[in-house]
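Engineer: What follows is the file start03.cif, containing mmCIF, C-alpha atoms and all ligand atoms:
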data_protein
loop_
_atom_site.label_atom_id
_atom_site.label_comp_id
_atom_site.auth_asym_id
_atom_site.auth_seq_id
_atom_site.Cartn_x
_atom_site.Cartn_y
_atom_site.Cartn_z
CA MET A 7 126.08 102.03 70.16
CA GLY A 8 126.83 104.93 67.78
CA ALA A 9 127.08 108.48 69.04
CA HIS A 10 123.99 109.47 67.02
CA GLU A 11 121.94 107.29 69.39
CA ASN A 12 122.71 109.71 72.21
CA GLY A 13 121.39 112.90 70.71
CA PRO A 14 120.44 115.52 69.90
CA ARG A 15 117.08 114.55 71.33
CA THR A 16 114.40 116.13 73.49
CA ILE A 17 113.21 113.67 76.11
CA VAL A 18 109.67 114.46 77.29
CA VAL A 19 109.15 113.57 80.94
CA GLY A 20 105.60 112.96 82.15
CA THR A 21 104.50 113.64 85.70
CA ARG A 22 101.46 114.25 87.84
CA GLN A 23 100.99 117.91 88.69
CA SER A 24 101.06 117.77 92.49
CA ALA A 25 103.78 119.84 94.14
CA LEU A 26 105.59 116.65 95.20
CA ALA A 27 105.39 115.05 91.76
CA LEU A 28 106.73 118.19 90.07
CA THR A 29 109.51 118.58 92.63
CA GLN A 30 110.74 115.01 92.37
CA THR A 31 110.52 115.07 88.57
CA GLY A 32 112.64 118.24 88.56
CA GLN A 33 115.18 116.53 90.82
CA VAL A 34 115.37 113.50 88.52
CA ILE A 35 115.81 115.73 85.45
CA ASP A 36 118.64 117.64 87.17
CA GLU A 37 120.38 114.32 87.85
CA LEU A 38 119.81 113.11 84.26
CA LYS A 39 121.27 116.37 82.95
CA ARG A 40 124.41 115.79 85.05
CA ILE A 41 124.69 112.21 83.79
CA SER A 42 124.14 113.29 80.16
CA GLU A 43 126.83 115.91 80.41
CA LYS A 44 129.29 113.50 81.99
CA HIS A 45 128.74 110.91 79.26
CA GLY A 46 128.64 113.38 76.37
CA PHE A 47 124.96 112.78 75.52
CA ASP A 48 123.13 115.61 73.77
CA TYR A 49 119.78 115.32 75.53
CA HIS A 50 117.30 118.03 76.39
CA PHE A 51 114.42 117.56 78.79
CA GLU A 52 110.88 118.84 78.79
CA ILE A 53 108.19 118.33 81.45
CA ARG A 54 104.64 117.32 80.48
CA LYS A 55 102.02 117.49 83.26
CA ILE A 56 99.30 114.85 83.18
CA VAL A 57 96.08 114.84 85.23
CA THR A 58 95.24 111.35 86.45
CA LYS A 59 91.98 109.90 87.71
CA GLY A 60 93.49 109.75 91.20
CA ASP A 61 94.12 113.51 91.12
CA ARG A 62 90.56 114.25 90.04
CA ILE A 63 89.03 112.28 92.89
CA LEU A 64 91.46 113.10 95.69
CA ASP A 65 88.62 114.43 97.81
CA VAL A 66 86.56 111.26 97.87
CA THR A 67 87.66 108.11 99.63
CA LEU A 68 90.11 106.46 97.29
CA SER A 69 89.55 103.00 98.70
CA LYS A 70 85.87 103.33 97.77
CA VAL A 71 86.75 104.11 94.18
CA GLY A 72 89.11 101.16 94.25
CA GLY A 73 91.35 100.01 91.46
CA LYS A 74 95.09 99.81 91.46
CA GLY A 75 97.25 102.35 89.70
CA LEU A 76 94.80 105.22 89.93
CA PHE A 77 97.66 107.68 89.59
CA VAL A 78 99.46 106.10 86.66
CA LYS A 79 97.01 104.86 84.01
CA GLU A 80 96.82 108.09 81.97
CA ILE A 81 100.59 108.47 82.27
CA GLU A 82 101.18 104.97 80.95
CA GLN A 83 98.87 105.65 78.02
CA ALA A 84 100.89 108.78 77.16
CA LEU A 85 104.06 106.64 77.20
CA LEU A 86 102.51 104.00 74.95
CA ASP A 87 101.25 106.74 72.58
CA GLY A 88 104.73 108.29 72.39
CA GLU A 89 103.54 111.62 73.86
CA ILE A 90 106.09 111.28 76.63
CA ASP A 91 109.36 109.29 76.82
CA MET A 92 109.65 108.60 80.54
CA ALA A 93 107.56 109.08 83.65
CA VAL A 94 108.67 109.66 87.22
CA HIS A 95 106.51 107.90 89.82
CA SER A 96 106.64 107.49 93.56
CA MET A 97 107.49 103.80 93.68
CA LYS A 98 104.75 103.11 96.18
CA ASP A 99 102.13 104.45 93.78
CA MET A 100 103.36 102.26 90.93
CA PRO A 101 101.23 99.17 90.27
CA TYR A 102 102.85 95.75 90.46
CA GLU A 103 102.19 94.86 86.86
CA LEU A 104 103.20 97.19 84.05
CA PRO A 105 101.52 97.11 80.64
CA GLU A 106 103.14 95.23 77.75
CA GLY A 107 105.77 97.47 76.15
CA LEU A 108 106.61 99.44 79.32
CA MET A 109 109.21 98.79 82.00
CA ASN A 110 110.77 100.33 85.08
CA GLY A 111 113.93 101.80 83.55
CA ALA A 112 115.53 102.95 86.80
CA THR A 113 115.12 102.86 90.55
CA PRO A 114 117.22 105.79 91.83
CA ARG A 115 118.72 105.76 95.32
CA ARG A 116 116.06 105.61 98.00
CA VAL A 117 115.71 108.42 100.53
CA ASP A 118 114.38 108.00 104.10
CA PRO A 119 111.80 105.17 104.02
CA ARG A 120 110.27 105.92 107.44
CA ASP A 121 106.85 107.22 108.36
CA CYS A 122 106.89 110.31 110.53
CA LEU A 123 104.60 112.41 112.65
CA ILE A 124 103.86 116.08 112.29
CA MET A 125 102.52 117.07 115.70
CA LYS A 126 100.88 120.16 117.14
CA GLN A 127 103.27 119.79 120.07
CA GLY A 128 105.86 117.34 121.29
CA SER A 129 108.69 115.48 119.64
CA SER A 130 107.94 111.77 119.94
CA LEU A 131 105.08 109.32 119.70
CA ASP A 132 105.13 109.09 123.50
CA ASP A 133 104.33 112.80 123.73
CA LEU A 134 100.88 112.22 122.22
CA PRO A 135 98.36 112.27 125.07
CA ALA A 136 95.96 109.34 125.58
CA GLY A 137 93.10 109.59 123.08
CA ALA A 138 94.96 111.97 120.78
CA ARG A 139 93.45 112.37 117.32
CA VAL A 140 95.82 111.30 114.55
CA GLY A 141 95.18 111.78 110.83
CA THR A 142 96.04 109.16 108.23
CA SER A 143 94.10 107.54 105.43
CA SER A 144 96.48 104.60 105.19
CA LEU A 145 95.22 101.32 106.62
CA ARG A 146 98.84 100.23 106.99
CA ARG A 147 99.67 103.22 109.17
CA SER A 148 96.50 103.08 111.27
CA SER A 149 96.90 99.34 111.84
CA GLN A 150 100.45 99.70 113.14
CA LEU A 151 99.78 102.83 115.21
CA LYS A 152 96.72 101.25 116.83
CA ASN A 153 98.82 98.19 117.59
CA ILE A 154 101.38 100.13 119.62
CA ARG A 155 98.99 102.85 120.89
CA PRO A 156 95.46 101.39 121.12
CA ASP A 157 94.30 104.57 122.86
CA LEU A 158 94.84 106.79 119.81
CA GLU A 159 91.91 107.91 117.70
CA LEU A 160 92.82 107.40 114.04
CA ASP A 161 90.85 109.50 111.58
CA SER A 162 90.94 109.69 107.84
CA ILE A 163 92.67 112.65 106.19
CA ARG A 164 92.91 113.20 102.43
CA GLY A 165 94.78 115.35 99.98
CA ASN A 166 98.33 116.12 98.94
CA ILE A 167 100.98 116.50 101.63
CA ASP A 168 100.65 120.28 101.79
CA SER A 169 96.91 120.10 102.41
CA ARG A 170 97.38 117.36 105.02
CA ILE A 171 99.78 119.57 106.95
CA ARG A 172 97.24 122.42 106.74
CA LYS A 173 94.49 120.12 108.01
CA LEU A 174 96.52 119.45 111.17
CA GLU A 175 95.49 122.97 112.18
CA THR A 176 92.15 123.42 110.44
CA GLU A 177 90.59 120.04 111.22
CA GLY A 178 91.69 119.67 114.81
CA PHE A 179 94.19 116.82 114.60
CA ASP A 180 96.89 116.40 117.25
CA ALA A 181 99.18 114.81 114.66
CA VAL A 182 99.25 113.61 111.07
CA VAL A 183 101.32 110.71 109.75
CA LEU A 184 103.24 111.20 106.51
CA ALA A 185 106.18 109.62 104.69
CA ALA A 186 109.42 111.36 105.62
CA ALA A 187 110.49 111.01 101.97
CA GLY A 188 107.85 113.34 100.57
CA LEU A 189 108.61 116.00 103.17
CA THR A 190 112.35 115.71 102.62
CA ARG A 191 111.99 116.01 98.85
CA MET A 192 109.88 119.14 99.33
CA GLY A 193 112.53 120.60 101.66
CA TRP A 194 110.04 120.54 104.54
CA GLU A 195 111.97 118.21 106.87
CA ASP A 196 111.91 120.91 109.57
CA ARG A 197 108.17 120.21 109.94
CA ILE A 198 108.84 116.63 111.07
CA SER A 199 108.21 116.23 114.83
CA ALA A 200 109.17 112.54 115.15
CA PHE A 201 110.37 109.68 112.98
CA ILE A 202 108.67 106.35 113.60
CA PRO A 203 111.27 103.54 113.52
CA VAL A 204 110.78 100.99 110.72
CA ASP A 205 110.23 98.16 113.18
CA LEU A 206 107.23 99.99 114.68
CA SER A 207 105.79 101.17 111.37
CA ILE A 208 106.87 98.98 108.48
CA PRO A 209 106.84 101.32 105.47
CA ALA A 210 104.71 100.88 102.38
CA VAL A 211 106.28 98.79 99.63
CA GLY A 212 108.73 101.06 97.81
CA GLN A 213 108.28 104.00 100.18
CA GLY A 214 111.04 106.56 99.75
CA ALA A 215 111.97 105.25 96.32
CA LEU A 216 111.08 106.45 92.82
CA GLY A 217 110.44 104.42 89.71
CA ILE A 218 111.09 105.74 86.23
CA GLU A 219 108.92 104.11 83.65
CA CYS A 220 109.88 104.01 79.96
CA ARG A 221 109.20 102.11 76.76
CA THR A 222 110.97 98.75 76.56
CA ALA A 223 111.84 99.53 72.93
CA ASP A 224 113.49 102.90 73.65
CA ALA A 225 117.17 101.93 73.75
CA GLY A 226 118.42 105.50 74.16
CA VAL A 227 116.30 106.27 77.21
CA ARG A 228 117.06 102.86 78.71
CA GLU A 229 120.81 103.42 78.38
CA LEU A 230 120.47 106.79 80.11
CA LEU A 231 118.23 105.46 82.90
CA ASP A 232 120.61 102.56 83.54
CA LEU A 233 123.13 105.15 84.70
CA LEU A 234 120.63 106.49 87.25
CA ASN A 235 119.76 103.10 88.71
CA ASP A 236 120.86 102.27 92.26
CA THR A 237 121.51 98.54 92.55
CA GLU A 238 120.96 98.36 96.30
CA THR A 239 117.62 100.20 96.15
CA SER A 240 116.56 98.22 93.11
CA LEU A 241 117.22 94.86 94.83
CA SER A 242 115.34 95.97 97.96
CA VAL A 243 112.36 97.29 96.03
CA ARG A 244 112.20 94.15 93.86
CA ALA A 245 111.89 92.01 97.00
CA GLU A 246 109.21 94.29 98.47
CA ARG A 247 107.23 94.40 95.23
CA SER A 248 107.45 90.65 94.77
CA PHE A 249 105.96 90.32 98.27
CA LEU A 250 103.15 92.73 97.35
CA GLY A 251 102.50 90.87 94.09
CA ALA A 252 102.35 87.51 95.86
CA LEU A 253 99.70 88.93 98.21
CA ASN A 254 97.95 90.58 95.26
CA GLY A 255 97.90 93.87 97.15
CA GLY A 256 97.47 97.44 96.01
CA CYS A 257 98.16 100.59 97.99
CA GLN A 258 94.84 100.49 99.88
CA VAL A 259 95.49 97.40 101.97
CA PRO A 260 97.14 97.06 105.41
CA ILE A 261 100.39 95.66 103.99
CA GLY A 262 103.92 96.86 104.66
CA ALA A 263 107.34 95.61 103.58
CA PHE A 264 110.88 96.77 104.01
CA ALA A 265 114.05 95.20 102.62
CA VAL A 266 117.68 95.98 103.24
CA VAL A 267 120.82 94.60 101.59
CA ASN A 268 123.38 93.12 103.96
CA LYS A 269 126.39 93.82 101.76
CA LYS A 270 129.60 92.19 102.88
CA SER A 271 132.04 94.92 103.77
CA GLY A 272 134.80 95.44 101.25
CA GLU A 273 132.94 93.66 98.48
CA GLU A 274 132.40 95.66 95.31
CA SER A 275 129.52 93.92 93.61
CA PHE A 276 126.01 93.06 94.73
CA ASP A 277 126.17 89.62 93.12
CA ASN A 278 124.69 87.17 95.60
CA ALA A 279 124.26 89.93 98.15
CA GLU A 280 122.04 88.89 101.04
CA LEU A 281 118.71 90.65 101.39
CA GLU A 282 116.63 90.82 104.53
CA LEU A 283 112.92 91.39 104.02
CA THR A 284 110.32 92.18 106.68
CA GLY A 285 106.71 91.76 105.59
CA MET A 286 103.66 92.80 107.56
CA VAL A 287 99.90 92.33 107.31
CA GLY A 288 97.67 93.77 110.01
CA SER A 289 94.01 94.28 110.76
CA PRO A 290 92.93 97.95 110.57
CA ASP A 291 92.10 98.01 114.31
CA GLY A 292 95.67 96.90 115.06
CA GLU A 293 94.57 93.83 117.00
CA VAL A 294 96.10 91.40 114.53
CA MET A 295 99.67 92.20 113.53
CA LEU A 296 101.50 89.55 111.52
CA LYS A 297 105.18 90.03 110.70
CA GLU A 298 107.76 87.77 109.09
CA ILE A 299 111.45 88.37 108.52
CA ARG A 300 113.44 86.24 106.05
CA LYS A 301 116.82 86.40 104.37
CA GLY A 302 117.75 85.38 100.84
CA THR A 303 119.74 86.28 97.75
CA ASP A 304 116.98 86.13 95.12
CA PRO A 305 114.72 89.19 95.61
CA GLU A 306 111.66 87.75 93.84
CA GLN A 307 111.91 84.42 95.66
CA LEU A 308 112.38 86.19 98.99
CA GLY A 309 109.23 88.25 98.42
CA ARG A 310 107.23 85.12 97.64
CA ASP A 311 108.68 83.30 100.69
CA VAL A 312 107.70 86.05 103.13
CA ALA A 313 104.23 86.25 101.56
CA ALA A 314 103.80 82.47 101.86
CA ALA A 315 104.88 82.54 105.52
CA LEU A 316 102.29 85.24 106.27
CA LYS A 317 99.57 83.42 104.34
CA ALA A 318 100.28 80.33 106.40
CA ARG A 319 99.48 82.44 109.46
CA GLY A 320 96.17 83.72 108.08
CA ALA A 321 97.15 86.92 106.22
CA ASP A 322 94.78 85.91 103.40
CA ARG A 323 91.79 86.12 105.69
CA ILE A 324 92.67 89.68 106.70
CA LEU A 325 93.30 90.78 103.12
CA ALA A 326 90.14 89.13 101.75
CA GLU A 327 88.15 91.91 103.43
CA PHE A 328 89.80 94.46 101.17
CA GLY A 329 89.37 92.60 97.93
CA GLY A 330 93.14 92.21 97.93
N1 LIG B 401 100.40 107.88 98.93
C1 LIG B 401 100.81 109.22 98.60
C2 LIG B 401 102.29 109.36 98.50
N2 LIG B 401 102.97 108.79 97.49
C3 LIG B 401 104.30 109.06 97.67
C4 LIG B 401 104.44 109.83 98.81
C5 LIG B 401 105.74 110.33 99.30
C6 LIG B 401 106.61 109.29 99.90
C7 LIG B 401 107.32 108.40 98.94
O1 LIG B 401 107.80 108.85 97.88
O2 LIG B 401 107.45 107.22 99.26
C8 LIG B 401 103.16 110.04 99.35
C9 LIG B 401 102.80 110.83 100.53
C10 LIG B 401 102.85 110.08 101.84
O3 LIG B 401 102.66 108.87 101.90
O4 LIG B 401 103.06 110.73 102.87
#
Rewrite the coordinates I just gave you, this time as structure tokens.
Ligand SMILES: NCc1[nH]cc(CCC(=O)O)c1CC(=O)O
Structural biologist:
Amino acid sequence: MGAHENGPRTIVVGTRQSALALTQTGQVIDELKRISEKHGFDYHFEIRKIVTKGDRILDVTLSKVGGKGLFVKEIEQALLDGEIDMAVHSMKDMPYELPEGLMNGATPRRVDPRDCLIMKQGSSLDDLPAGARVGTSSLRRSSQLKNIRPDLELDSIRGNIDSRIRKLETEGFDAVVLAAAGLTRMGWEDRISAFIPVDLSIPAVGQGALGIECRTADAGVRELLDLLNDTETSLSVRAERSFLGALNGGCQVPIGAFAVVNKKSGEESFDNAELELTGMVGSPDGEVMLKEIRKGTDPEQLGRDVAAALKARGADRILAEFGG
């Protein structure tokens, strides 16, 4: 590829306008600037804020509005129209299927995938008194919390992470459940009272990871994003997303999945690396909790295998209630 392909060029980066979206987009741009400098690319970056349908209706119950990809449709249109050149998404908000002409150009290294509690007092799940009122609007989180602590009262809480933390005080919750990743990216990790281990609360598919969407035809951006990709995270997220796709699930269903790569020590490449995927489907009241763990080397096949194993145990019947 000739040097002219790598600049000068202004790359317009689209993002939602929430504090978290802007923060993580800024962090990605900082990293891309470092990579560009190192490789002698003459790229400049500009942020374009985009209001999505999901942002406009954050105060009503999202699951009632339905539809997958509520936070990305307008952003994808801007990519297709050439108004922006890449878009930074939280991986767990990214729909399984991307429109023709767009692709995930990079999956940067994942940060902490765990759910965590922000509590009025105490420093572990066990410190919550019987009957404590816990805020979450995620069926996945309420299902798993009810399963281990049937006494808890789970109540819906909406809004961006900053408003959810505020509501802990103003709406009388004893605790709220959030992704550690969002808090860490915001620099608010000191607010975390307790991490919930992944085997007690299987994270959402892609939790803690980002996806950077771009046009399939944009060779320059793809070459740059390739340098930001983390193979280990990408393999894990591919397995998790394949699982989600096989169950036809969006973000409003009680589904969780978490994959890790069991890399042989001393080996350089990830070729034929073994993946271990845990998939979970639960009923919202936590009474039914189905989990399957499988190992494999093909991420897509592994995702389908875990989904098939859960379907064989009746996961379909649970998910049918959510139109998933
Ligand atoms: N559904 C909202 C959302 N989308 C991404 C994150 C941050 C965590 C991440 O990047 O995985 C959050 C907040 C949360 O779940 O607490």
Engineer: Kindly indicate which residue among A:Ser148, A:Ser129, A:Asn235, A:Thr190 lies nearest to Gly262 in chain A, using all atoms listed in the file for the distances.
Structural biologist: A:Ser148
Engineer: So how many Å separate CA of Glu37 in chain A and CA of Leu189 in chain A, to one decimal?
Structural biologist: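 Spanning CA of Glu37 in chain A to CA of Leu189 in chain A is a straight-line distance of 19.4 Å.
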Engineer: Counting all atoms listed in the file, which residue out of A:Arg164, A:Lys79, A:His50, A:Lys270 sits closest to ligand LIG 401 (chain B)?
Structural biologist: A:Arg164
Engineer: Choose the residue, out of A:Ala252, A:Ala210, A:Leu241, A:Cys122, that has the smallest atom-to-atom separation from Asp311 in chain A; count only C-alpha atoms.
Structural biologist: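 Distance minimum relative to Asp311 in chain A lands on A:Ala252.
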Engineer: Which residues are near ligand LIG 401 (chain B) in this structure, taking near to mean any atom at most 6 Å from a ligand atom and counting only C-alpha atoms and all ligand atoms? Format them as a list in words.
Structural biologist: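 With only C-alpha atoms and all ligand atoms and a cut-off of 6 Å, ligand LIG 401 (chain B) is contacted by Ser96, Lys98, Asp99, Leu184, Ala185, Ala187, Gly188, Gln213, Gly214 and Ala215 of chain A.
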Engineer: Which is closer to Arg228 in chain A than all the others in A:Asn110, A:Thr29, A:Gln83, A:Thr284, using all atoms listed in the file?
Structural biologist: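 Nearest to Arg228 in chain A: A:Asn110.
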Engineer: With a distance cut-off of 9 Å and all atoms listed in the file, select the neighbouring residues of range 287-293 of chain A, excluding the residue or stretch itself and same-chain residues fewer than 3 positions from it, and output the selection as a ChimeraX atom specification.
Structural biologist: /A:145-156,259-263,296-297,316,321,324-325
Engineer: Quote the spacing between CA of Glu11 in chain A and CA of Gly217 in chain A in Å to one decimal place.
Structural biologist: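 Separation of CA of Glu11 in chain A and CA of Gly217 in chain A: 23.5 Å.
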Engineer: Determine, counting only C-alpha atoms, which protein, DNA and RNA residues have an atom within 10 Å of an atom of range 31-33 of chain A; residues of the same chain fewer than 5 positions away are not included. Present the result as a list in words.
Structural biologist: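 Skipping anything fewer than 5 positions along the chain leaves Val19, Gly20, Thr21, Arg22, Gln23, Ala25, Leu26, Leu38, Lys39, Phe51, Glu52, Ile53, Ala93, Val94, His95, Ser96, Arg191, Leu216 and Ile218 of chain A.
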Engineer: Find, counting all atoms listed in the file, the residue in A:Thr222, A:Ser207, A:Gln307, A:Ser271 that gets nearest to Ser248 in chain A.
Structural biologist: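 Closest residue, counting all atoms listed in the file: A:Gln307.
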Engineer: Since the input is missing atoms, can you rebuild N, CA and C atoms for range 210-236 of chain A and write them as a PDB file, in the coordinates of the input?
Structural biologist:
ATOM      1  N   ALA A 210     105.371 101.424 103.558  1.00  0.00           N
ATOM      2  CA  ALA A 210     104.710 100.880 102.380  1.00  0.00           C
ATOM      3  C   ALA A 210     105.763 100.334 101.426  1.00  0.00           C
ATOM      4  N   VAL A 211     105.382  99.340 100.648  1.00  0.00           N
ATOM      5  CA  VAL A 211     106.280  98.790  99.630  1.00  0.00           C
ATOM      6  C   VAL A 211     106.807  99.934  98.756  1.00  0.00           C
ATOM      7  N   GLY A 212     108.120 100.050  98.672  1.00  0.00           N
ATOM      8  CA  GLY A 212     108.730 101.060  97.810  1.00  0.00           C
ATOM      9  C   GLY A 212     108.775 102.464  98.391  1.00  0.00           C
ATOM     10  N   GLN A 213     108.317 102.636  99.617  1.00  0.00           N
ATOM     11  CA  GLN A 213     108.280 104.000 100.180  1.00  0.00           C
ATOM     12  C   GLN A 213     109.689 104.616 100.196  1.00  0.00           C
ATOM     13  N   GLY A 214     109.760 105.864  99.787  1.00  0.00           N
ATOM     14  CA  GLY A 214     111.040 106.560  99.750  1.00  0.00           C
ATOM     15  C   GLY A 214     111.804 106.374  98.444  1.00  0.00           C
ATOM     16  N   ALA A 215     111.294 105.485  97.599  1.00  0.00           N
ATOM     17  CA  ALA A 215     111.970 105.250  96.320  1.00  0.00           C
ATOM     18  C   ALA A 215     111.129 105.815  95.168  1.00  0.00           C
ATOM     19  N   LEU A 216     111.773 106.032  94.042  1.00  0.00           N
ATOM     20  CA  LEU A 216     111.080 106.450  92.820  1.00  0.00           C
ATOM     21  C   LEU A 216     111.223 105.342  91.796  1.00  0.00           C
ATOM     22  N   GLY A 217     110.306 105.323  90.844  1.00  0.00           N
ATOM     23  CA  GLY A 217     110.440 104.420  89.710  1.00  0.00           C
ATOM     24  C   GLY A 217     110.324 105.247  88.449  1.00  0.00           C
ATOM     25  N   ILE A 218     111.148 104.963  87.461  1.00  0.00           N
ATOM     26  CA  ILE A 218     111.090 105.740  86.230  1.00  0.00           C
ATOM     27  C   ILE A 218     110.714 104.809  85.085  1.00  0.00           C
ATOM     28  N   GLU A 219     109.486 105.007  84.641  1.00  0.00           N
ATOM     29  CA  GLU A 219     108.920 104.110  83.650  1.00  0.00           C
ATOM     30  C   GLU A 219     109.278 104.600  82.245  1.00  0.00           C
ATOM     31  N   CYS A 220     109.559 103.653  81.354  1.00  0.00           N
ATOM     32  CA  CYS A 220     109.880 104.010  79.960  1.00  0.00           C
ATOM     33  C   CYS A 220     109.417 102.897  79.040  1.00  0.00           C
ATOM     34  N   ARG A 221     109.553 103.148  77.734  1.00  0.00           N
ATOM     35  CA  ARG A 221     109.200 102.110  76.760  1.00  0.00           C
ATOM     36  C   ARG A 221     110.335 101.095  76.657  1.00  0.00           C
ATOM     37  N   THR A 222     109.986  99.825  76.669  1.00  0.00           N
ATOM     38  CA  THR A 222     110.970  98.750  76.560  1.00  0.00           C
ATOM     39  C   THR A 222     111.789  98.901  75.270  1.00  0.00           C
ATOM     40  N   ALA A 223     111.176  99.434  74.233  1.00  0.00           N
ATOM     41  CA  ALA A 223     111.840  99.530  72.930  1.00  0.00           C
ATOM     42  C   ALA A 223     112.724 100.763  72.775  1.00  0.00           C
ATOM     43  N   ASP A 224     112.736 101.646  73.774  1.00  0.00           N
ATOM     44  CA  ASP A 224     113.490 102.900  73.650  1.00  0.00           C
ATOM     45  C   ASP A 224     114.913 102.734  74.191  1.00  0.00           C
ATOM     46  N   ALA A 225     115.807 102.264  73.320  1.00  0.00           N
ATOM     47  CA  ALA A 225     117.170 101.930  73.750  1.00  0.00           C
ATOM     48  C   ALA A 225     117.918 103.136  74.311  1.00  0.00           C
ATOM     49  N   GLY A 226     117.706 104.299  73.708  1.00  0.00           N
ATOM     50  CA  GLY A 226     118.420 105.500  74.160  1.00  0.00           C
ATOM     51  C   GLY A 226     118.054 105.878  75.577  1.00  0.00           C
ATOM     52  N   VAL A 227     116.760 105.928  75.863  1.00  0.00           N
ATOM     53  CA  VAL A 227     116.300 106.270  77.210  1.00  0.00           C
ATOM     54  C   VAL A 227     116.733 105.200  78.208  1.00  0.00           C
ATOM     55  N   ARG A 228     116.670 103.942  77.794  1.00  0.00           N
ATOM     56  CA  ARG A 228     117.060 102.860  78.710  1.00  0.00           C
ATOM     57  C   ARG A 228     118.539 102.960  79.087  1.00  0.00           C
ATOM     58  N   GLU A 229     119.377 103.308  78.103  1.00  0.00           N
ATOM     59  CA  GLU A 229     120.810 103.420  78.380  1.00  0.00           C
ATOM     60  C   GLU A 229     121.065 104.553  79.388  1.00  0.00           C
ATOM     61  N   LEU A 230     120.333 105.656  79.195  1.00  0.00           N
ATOM     62  CA  LEU A 230     120.470 106.790  80.110  1.00  0.00           C
ATOM     63  C   LEU A 230     119.985 106.418  81.515  1.00  0.00           C
ATOM     64  N   LEU A 231     118.816 105.785  81.593  1.00  0.00           N
ATOM     65  CA  LEU A 231     118.230 105.460  82.900  1.00  0.00           C
ATOM     66  C   LEU A 231     119.062 104.432  83.665  1.00  0.00           C
ATOM     67  N   ASP A 232     119.706 103.536  82.916  1.00  0.00           N
ATOM     68  CA  ASP A 232     120.610 102.560  83.540  1.00  0.00           C
ATOM     69  C   ASP A 232     121.637 103.249  84.436  1.00  0.00           C
ATOM     70  N   LEU A 233     122.084 104.417  83.977  1.00  0.00           N
ATOM     71  CA  LEU A 233     123.130 105.150  84.700  1.00  0.00           C
ATOM     72  C   LEU A 233     122.581 105.808  85.971  1.00  0.00           C
ATOM     73  N   LEU A 234     121.259 105.881  86.082  1.00  0.00           N
ATOM     74  CA  LEU A 234     120.630 106.490  87.250  1.00  0.00           C
ATOM     75  C   LEU A 234     120.210 105.426  88.271  1.00  0.00           C
ATOM     76  N   ASN A 235     120.250 104.175  87.842  1.00  0.00           N
ATOM     77  CA  ASN A 235     119.760 103.100  88.710  1.00  0.00           C
ATOM     78  C   ASN A 235     120.691 102.870  89.901  1.00  0.00           C
ATOM     79  N   ASP A 236     120.092 102.602  91.061  1.00  0.00           N
ATOM     80  CA  ASP A 236     120.860 102.270  92.260  1.00  0.00           C
ATOM     81  C   ASP A 236     120.619 100.792  92.577  1.00  0.00           C
TER      82      ASP A 236
END
